[in-house]
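Raw query_27.cif, mmCIF, C-alpha atoms:
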```cif
data_start
#
loop_
_atom_site.label_atom_id
_atom_site.label_comp_id
_atom_site.auth_asym_id
_atom_site.auth_seq_id
_atom_site.Cartn_x
_atom_site.Cartn_y
_atom_site.Cartn_z
CA MET Z 1 19.10 -40.92 -72.24
CA LYS Z 2 16.48 -42.94 -70.36
CA ARG Z 3 16.36 -42.86 -66.60
CA SER Z 4 14.79 -45.33 -64.28
CA ILE Z 5 13.47 -44.73 -60.81
CA ALA Z 6 16.31 -46.83 -59.47
CA HIS Z 7 18.81 -44.31 -60.85
CA PRO Z 8 17.90 -40.78 -59.73
CA VAL Z 9 19.18 -37.78 -61.64
CA SER Z 10 22.49 -36.44 -60.39
CA VAL Z 11 24.27 -33.18 -61.09
CA GLU Z 12 26.68 -34.96 -63.42
CA ASP Z 13 23.76 -36.32 -65.48
CA THR Z 14 22.42 -32.81 -66.10
CA VAL Z 15 25.62 -31.50 -67.65
CA PRO Z 16 25.24 -31.10 -71.40
CA GLU Z 17 27.44 -33.27 -73.52
CA SER Z 18 29.50 -30.29 -74.56
CA GLY Z 19 32.39 -31.56 -72.57
CA PHE Z 20 31.84 -29.19 -69.62
CA GLU Z 21 32.01 -30.86 -66.25
CA HIS Z 22 31.95 -29.40 -62.77
CA SER Z 23 35.39 -28.81 -61.49
CA GLU Z 24 36.23 -29.18 -57.85
CA GLY Z 25 36.44 -25.36 -57.61
CA ALA Z 26 32.83 -25.00 -58.76
CA SER Z 27 31.75 -27.65 -56.27
CA ASP Z 28 33.62 -25.82 -53.50
CA LEU Z 29 31.96 -22.57 -54.54
CA LEU Z 30 28.50 -24.15 -54.42
CA SER Z 31 29.30 -25.63 -51.04
CA GLU Z 32 30.48 -22.25 -49.78
CA ILE Z 33 27.35 -20.52 -51.09
CA GLY Z 34 25.18 -23.10 -49.34
CA SER Z 35 27.11 -22.63 -46.13
CA LEU Z 36 26.76 -18.84 -46.34
CA TRP Z 37 23.05 -19.17 -47.02
CA ARG Z 38 22.57 -21.37 -43.95
CA GLU Z 39 24.54 -18.90 -41.82
CA LEU Z 40 22.50 -16.00 -43.18
CA THR Z 41 19.17 -17.69 -42.44
CA ALA Z 42 20.34 -18.68 -38.95
CA LEU Z 43 21.53 -15.13 -38.26
CA THR Z 44 18.25 -13.72 -39.55
CA GLN Z 45 16.26 -16.07 -37.33
CA GLU Z 46 18.35 -15.09 -34.32
CA GLN Z 47 17.86 -11.39 -35.03
CA VAL Z 48 14.09 -11.80 -35.45
CA HIS Z 49 13.93 -13.76 -32.19
CA LEU Z 50 15.98 -11.08 -30.42
CA ALA Z 51 13.71 -8.35 -31.80
CA ALA Z 52 10.65 -10.27 -30.57
CA LEU Z 53 12.12 -10.63 -27.08
CA GLU Z 54 13.07 -6.97 -26.94
CA THR Z 55 9.60 -5.98 -28.14
CA GLN Z 56 8.09 -7.97 -25.27
CA ARG Z 57 10.47 -6.32 -22.81
CA ALA Z 58 9.73 -2.87 -24.25
CA GLY Z 59 5.98 -3.50 -23.91
CA LYS Z 60 6.35 -4.49 -20.26
CA SER Z 61 8.59 -1.49 -19.63
CA LEU Z 62 6.07 0.82 -21.27
CA ILE Z 63 3.31 -0.47 -19.01
CA THR Z 64 5.53 0.06 -15.96
CA VAL Z 65 6.41 3.59 -17.09
CA VAL Z 66 2.75 4.48 -17.70
CA ILE Z 67 1.70 3.18 -14.28
CA ALA Z 68 4.58 5.05 -12.62
CA ALA Z 69 3.64 8.23 -14.52
CA VAL Z 70 0.03 7.98 -13.32
CA LEU Z 71 1.20 7.50 -9.73
CA LEU Z 72 3.60 10.42 -10.09
CA ALA Z 73 0.81 12.60 -11.46
CA ILE Z 74 -1.40 11.72 -8.48
CA LEU Z 75 1.39 12.57 -6.04
CA ALA Z 76 2.24 15.79 -7.89
CA LEU Z 77 -1.43 16.78 -7.79
CA GLY Z 78 -1.40 16.25 -4.02
CA VAL Z 79 1.66 18.50 -3.72
CA TRP Z 80 0.04 21.14 -5.97
CA LEU Z 81 -3.17 21.14 -3.92
CA GLY Z 82 -1.18 21.32 -0.69
CA LEU Z 83 0.77 24.35 -1.96
CA TRP Z 84 -2.43 26.09 -3.02
CA ALA Z 85 -4.05 25.36 0.33
CA ALA Z 86 -1.00 26.79 2.11
CA GLY Z 87 -1.07 29.86 -0.17
CA ILE Z 88 -4.76 30.46 0.44
CA ALA Z 89 -4.29 29.99 4.19
CA TRP Z 90 -1.46 32.54 4.09
CA LEU Z 91 -3.67 35.03 2.19
CA VAL Z 92 -6.41 34.58 4.80
CA GLU Z 93 -3.85 35.16 7.57
CA GLN Z 94 -2.84 38.37 5.79
CA GLY Z 95 -6.42 39.61 6.10
CA LEU Z 96 -7.87 38.70 2.69
CA PRO Z 97 -11.30 37.13 3.04
CA LEU Z 98 -11.50 33.38 2.43
CA SER Z 99 -13.73 33.81 -0.62
CA GLY Z 100 -11.29 36.30 -2.18
CA SER Z 101 -8.35 34.00 -1.47
CA LEU Z 102 -10.14 31.06 -3.09
CA LEU Z 103 -11.11 33.20 -6.09
CA LEU Z 104 -7.50 34.35 -6.50
CA GLY Z 105 -6.35 30.73 -6.36
CA VAL Z 106 -8.88 29.74 -9.04
CA ILE Z 107 -7.83 32.66 -11.29
CA VAL Z 108 -4.14 31.79 -11.00
CA ASN Z 109 -4.93 28.13 -11.78
CA LEU Z 110 -7.06 29.16 -14.77
CA VAL Z 111 -4.30 31.39 -16.19
CA ALA Z 112 -1.73 28.60 -15.75
CA ALA Z 113 -4.11 26.11 -17.44
CA LEU Z 114 -4.65 28.48 -20.40
CA ILE Z 115 -0.90 28.97 -20.84
CA ILE Z 116 -0.32 25.21 -20.82
CA TYR Z 117 -3.25 24.70 -23.22
CA GLY Z 118 -1.69 27.20 -25.62
CA LEU Z 119 1.65 25.38 -25.37
CA ILE Z 120 -0.05 22.06 -26.12
CA ARG Z 121 -1.88 23.48 -29.15
CA TYR Z 122 1.33 25.07 -30.45
CA GLN Z 123 3.37 21.88 -30.07
CA SER Z 124 0.63 19.53 -31.33
CA ARG Z 125 0.91 20.86 -34.87
CA TYR Z 126 4.29 19.15 -35.13
CA LEU Z 127 2.64 15.80 -34.40
CA GLN Z 128 1.14 15.91 -37.88
CA PHE Z 129 4.56 15.95 -39.63
CA PRO Z 130 3.90 19.23 -41.48
CA ALA Z 131 7.21 19.39 -43.39
CA THR Z 132 6.89 15.79 -44.59
CA ARG Z 133 3.29 16.38 -45.67
CA ARG Z 134 4.27 19.54 -47.59
CA SER Z 135 7.11 17.65 -49.25
CA LEU Z 136 4.82 14.78 -50.24
CA ARG Z 137 2.18 17.19 -51.57
CA GLY Z 138 4.86 18.85 -53.71
CA LEU Z 139 6.07 15.47 -54.95
CA SER Z 140 2.51 14.41 -55.70
CA SER Z 141 1.78 17.55 -57.73
CA ARG Z 142 5.05 17.14 -59.67
CA LEU Z 143 4.15 13.53 -60.48
CA ARG Z 144 0.71 14.60 -61.71
CA GLU Z 145 2.32 17.22 -63.93
CA THR Z 146 4.61 14.68 -65.60
CA HIS Z 147 1.76 12.24 -66.37
#
```
Structure encoded using structure tokens:
Amino acid sequence: MKRSIAHPVSVEDTVPESGFEHSEGASDLLSEIGSLWRELTALTQEQVHLAALETQRAGKSLITVVIAAVLLAILALGVWLGLWAAGIAWLVEQGLPLSGSLLLGVIVNLVAALIIYGLIRYQSRYLQFPATRRSLRGLSSRLRETH
């Protein structure tokens, strides 16, 4: 069957001559599939756009939280230093020499810093996902054994 440019190929022309022709049900099904596909792509685009907007908002919120945390740390440091100054002044009032009071304050701060350092070291090992790494190492060795 020859075709000219004036007569483009249609769906009916591509049906083999076996007698099979598209029924209206098949046409409705194709139409429904096309409609579902358009809805799916539109929904996907909307979700991606929403995720992008929320990512922008989350980034701005993170910056705000970090700035607020730095300001809070500065204020907390001021409170901490004020409490230590009051404690040292109280020790001096109780008759302890100023140098001894300052040394005691430094020792207490050092002990607190070492305790917090130990806590940080203990907790930081979980930042490396130890159970997941052990599991993956086991999986890796089992895969090597099978090959």
Might you pull out every residue within 12 Å of Z:Trp80, with only C-alpha atoms counted and same-chain residues fewer than 6 positions away left off, and present them as a CSV table (one decimal) with C-alpha atoms, in the coordinates of the input?
```csv
chain,number,residue,atom,x,y,z
Z,73,ALA,CA,0.8,12.6,-11.5
Z,74,ILE,CA,-1.4,11.7,-8.5
Z,86,ALA,CA,-1.0,26.8,2.1
Z,87,GLY,CA,-1.1,29.9,-0.2
Z,105,GLY,CA,-6.4,30.7,-6.4
Z,109,ASN,CA,-4.9,28.1,-11.8
```
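The gap separating atom CA of Z:Leu98 from atom CA of Z:Ala85 is 11.1 Å, in Å to one decimal.
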(request) Could you check how far atom CA of Z:Leu104 sits from atom CA of Z:Trp90, in Å to one decimal? (result) 12.3 Å
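Put simply, atom CA of Z:Ile116 is 15.6 Å away from atom CA of Z:Leu77.
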Completed stretch 27-52 of chain Z (N, CA and C atoms) as a JSON list (two decimals), in the coordinates of the input:
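And here's result25.json as it stands now:
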```
[["chain", "number", "residue", "atom", "x", "y", "z"],
["Z", 27, "SER", "N", 32.41, -26.91, -57.34],
["Z", 27, "SER", "CA", 31.75, -27.65, -56.27],
["Z", 27, "SER", "C", 32.03, -26.97, -54.93],
["Z", 28, "ASP", "N", 33.28, -26.53, -54.73],
["Z", 28, "ASP", "CA", 33.62, -25.82, -53.50],
["Z", 28, "ASP", "C", 32.85, -24.52, -53.40],
["Z", 29, "LEU", "N", 32.69, -23.83, -54.53],
["Z", 29, "LEU", "CA", 31.96, -22.57, -54.54],
["Z", 29, "LEU", "C", 30.50, -22.79, -54.17],
["Z", 30, "LEU", "N", 29.88, -23.83, -54.76],
["Z", 30, "LEU", "CA", 28.50, -24.15, -54.42],
["Z", 30, "LEU", "C", 28.36, -24.52, -52.95],
["Z", 31, "SER", "N", 29.31, -25.25, -52.45],
["Z", 31, "SER", "CA", 29.30, -25.63, -51.04],
["Z", 31, "SER", "C", 29.41, -24.39, -50.16],
["Z", 32, "GLU", "N", 30.29, -23.48, -50.54],
["Z", 32, "GLU", "CA", 30.48, -22.25, -49.78],
["Z", 32, "GLU", "C", 29.23, -21.38, -49.81],
["Z", 33, "ILE", "N", 28.59, -21.30, -50.97],
["Z", 33, "ILE", "CA", 27.35, -20.52, -51.09],
["Z", 33, "ILE", "C", 26.26, -21.12, -50.20],
["Z", 34, "GLY", "N", 26.17, -22.43, -50.21],
["Z", 34, "GLY", "CA", 25.18, -23.10, -49.34],
["Z", 34, "GLY", "C", 25.45, -22.84, -47.88],
["Z", 35, "SER", "N", 26.72, -22.89, -47.51],
["Z", 35, "SER", "CA", 27.11, -22.63, -46.13],
["Z", 35, "SER", "C", 26.77, -21.19, -45.72],
["Z", 36, "LEU", "N", 27.09, -20.25, -46.62],
["Z", 36, "LEU", "CA", 26.76, -18.84, -46.34],
["Z", 36, "LEU", "C", 25.26, -18.63, -46.22],
["Z", 37, "TRP", "N", 24.51, -19.30, -47.07],
["Z", 37, "TRP", "CA", 23.05, -19.17, -47.02],
["Z", 37, "TRP", "C", 22.51, -19.68, -45.68],
["Z", 38, "ARG", "N", 23.02, -20.83, -45.23],
["Z", 38, "ARG", "CA", 22.57, -21.37, -43.95],
["Z", 38, "ARG", "C", 22.93, -20.43, -42.81],
["Z", 39, "GLU", "N", 24.13, -19.86, -42.85],
["Z", 39, "GLU", "CA", 24.54, -18.90, -41.82],
["Z", 39, "GLU", "C", 23.66, -17.66, -41.84],
["Z", 40, "LEU", "N", 23.34, -17.18, -43.05],
["Z", 40, "LEU", "CA", 22.50, -16.00, -43.18],
["Z", 40, "LEU", "C", 21.10, -16.25, -42.63],
["Z", 41, "THR", "N", 20.52, -17.40, -42.95],
["Z", 41, "THR", "CA", 19.17, -17.69, -42.44],
["Z", 41, "THR", "C", 19.20, -17.87, -40.93],
["Z", 42, "ALA", "N", 20.24, -18.51, -40.40],
["Z", 42, "ALA", "CA", 20.34, -18.68, -38.95],
["Z", 42, "ALA", "C", 20.49, -17.33, -38.27],
["Z", 43, "LEU", "N", 21.33, -16.47, -38.82],
["Z", 43, "LEU", "CA", 21.53, -15.13, -38.26],
["Z", 43, "LEU", "C", 20.23, -14.33, -38.31],
["Z", 44, "THR", "N", 19.52, -14.43, -39.41],
["Z", 44, "THR", "CA", 18.25, -13.72, -39.55],
["Z", 44, "THR", "C", 17.25, -14.21, -38.51],
["Z", 45, "GLN", "N", 17.17, -15.51, -38.33],
["Z", 45, "GLN", "CA", 16.26, -16.07, -37.33],
["Z", 45, "GLN", "C", 16.63, -15.60, -35.93],
["Z", 46, "GLU", "N", 17.91, -15.56, -35.64],
["Z", 46, "GLU", "CA", 18.35, -15.09, -34.32],
["Z", 46, "GLU", "C", 17.99, -13.62, -34.12],
["Z", 47, "GLN", "N", 18.17, -12.82, -35.14],
["Z", 47, "GLN", "CA", 17.86, -11.39, -35.03],
["Z", 47, "GLN", "C", 16.35, -11.17, -34.86],
["Z", 48, "VAL", "N", 15.55, -11.92, -35.59],
["Z", 48, "VAL", "CA", 14.09, -11.80, -35.45],
["Z", 48, "VAL", "C", 13.67, -12.23, -34.05],
["Z", 49, "HIS", "N", 14.24, -13.29, -33.55],
["Z", 49, "HIS", "CA", 13.93, -13.76, -32.19],
["Z", 49, "HIS", "C", 14.34, -12.72, -31.16],
["Z", 50, "LEU", "N", 15.53, -12.13, -31.32],
["Z", 50, "LEU", "CA", 15.98, -11.08, -30.42],
["Z", 50, "LEU", "C", 15.05, -9.87, -30.46],
["Z", 51, "ALA", "N", 14.63, -9.49, -31.66],
["Z", 51, "ALA", "CA", 13.71, -8.35, -31.80],
["Z", 51, "ALA", "C", 12.38, -8.66, -31.11],
["Z", 52, "ALA", "N", 11.91, -9.89, -31.23],
["Z", 52, "ALA", "CA", 10.65, -10.27, -30.57],
["Z", 52, "ALA", "C", 10.79, -10.19, -29.05]]
```
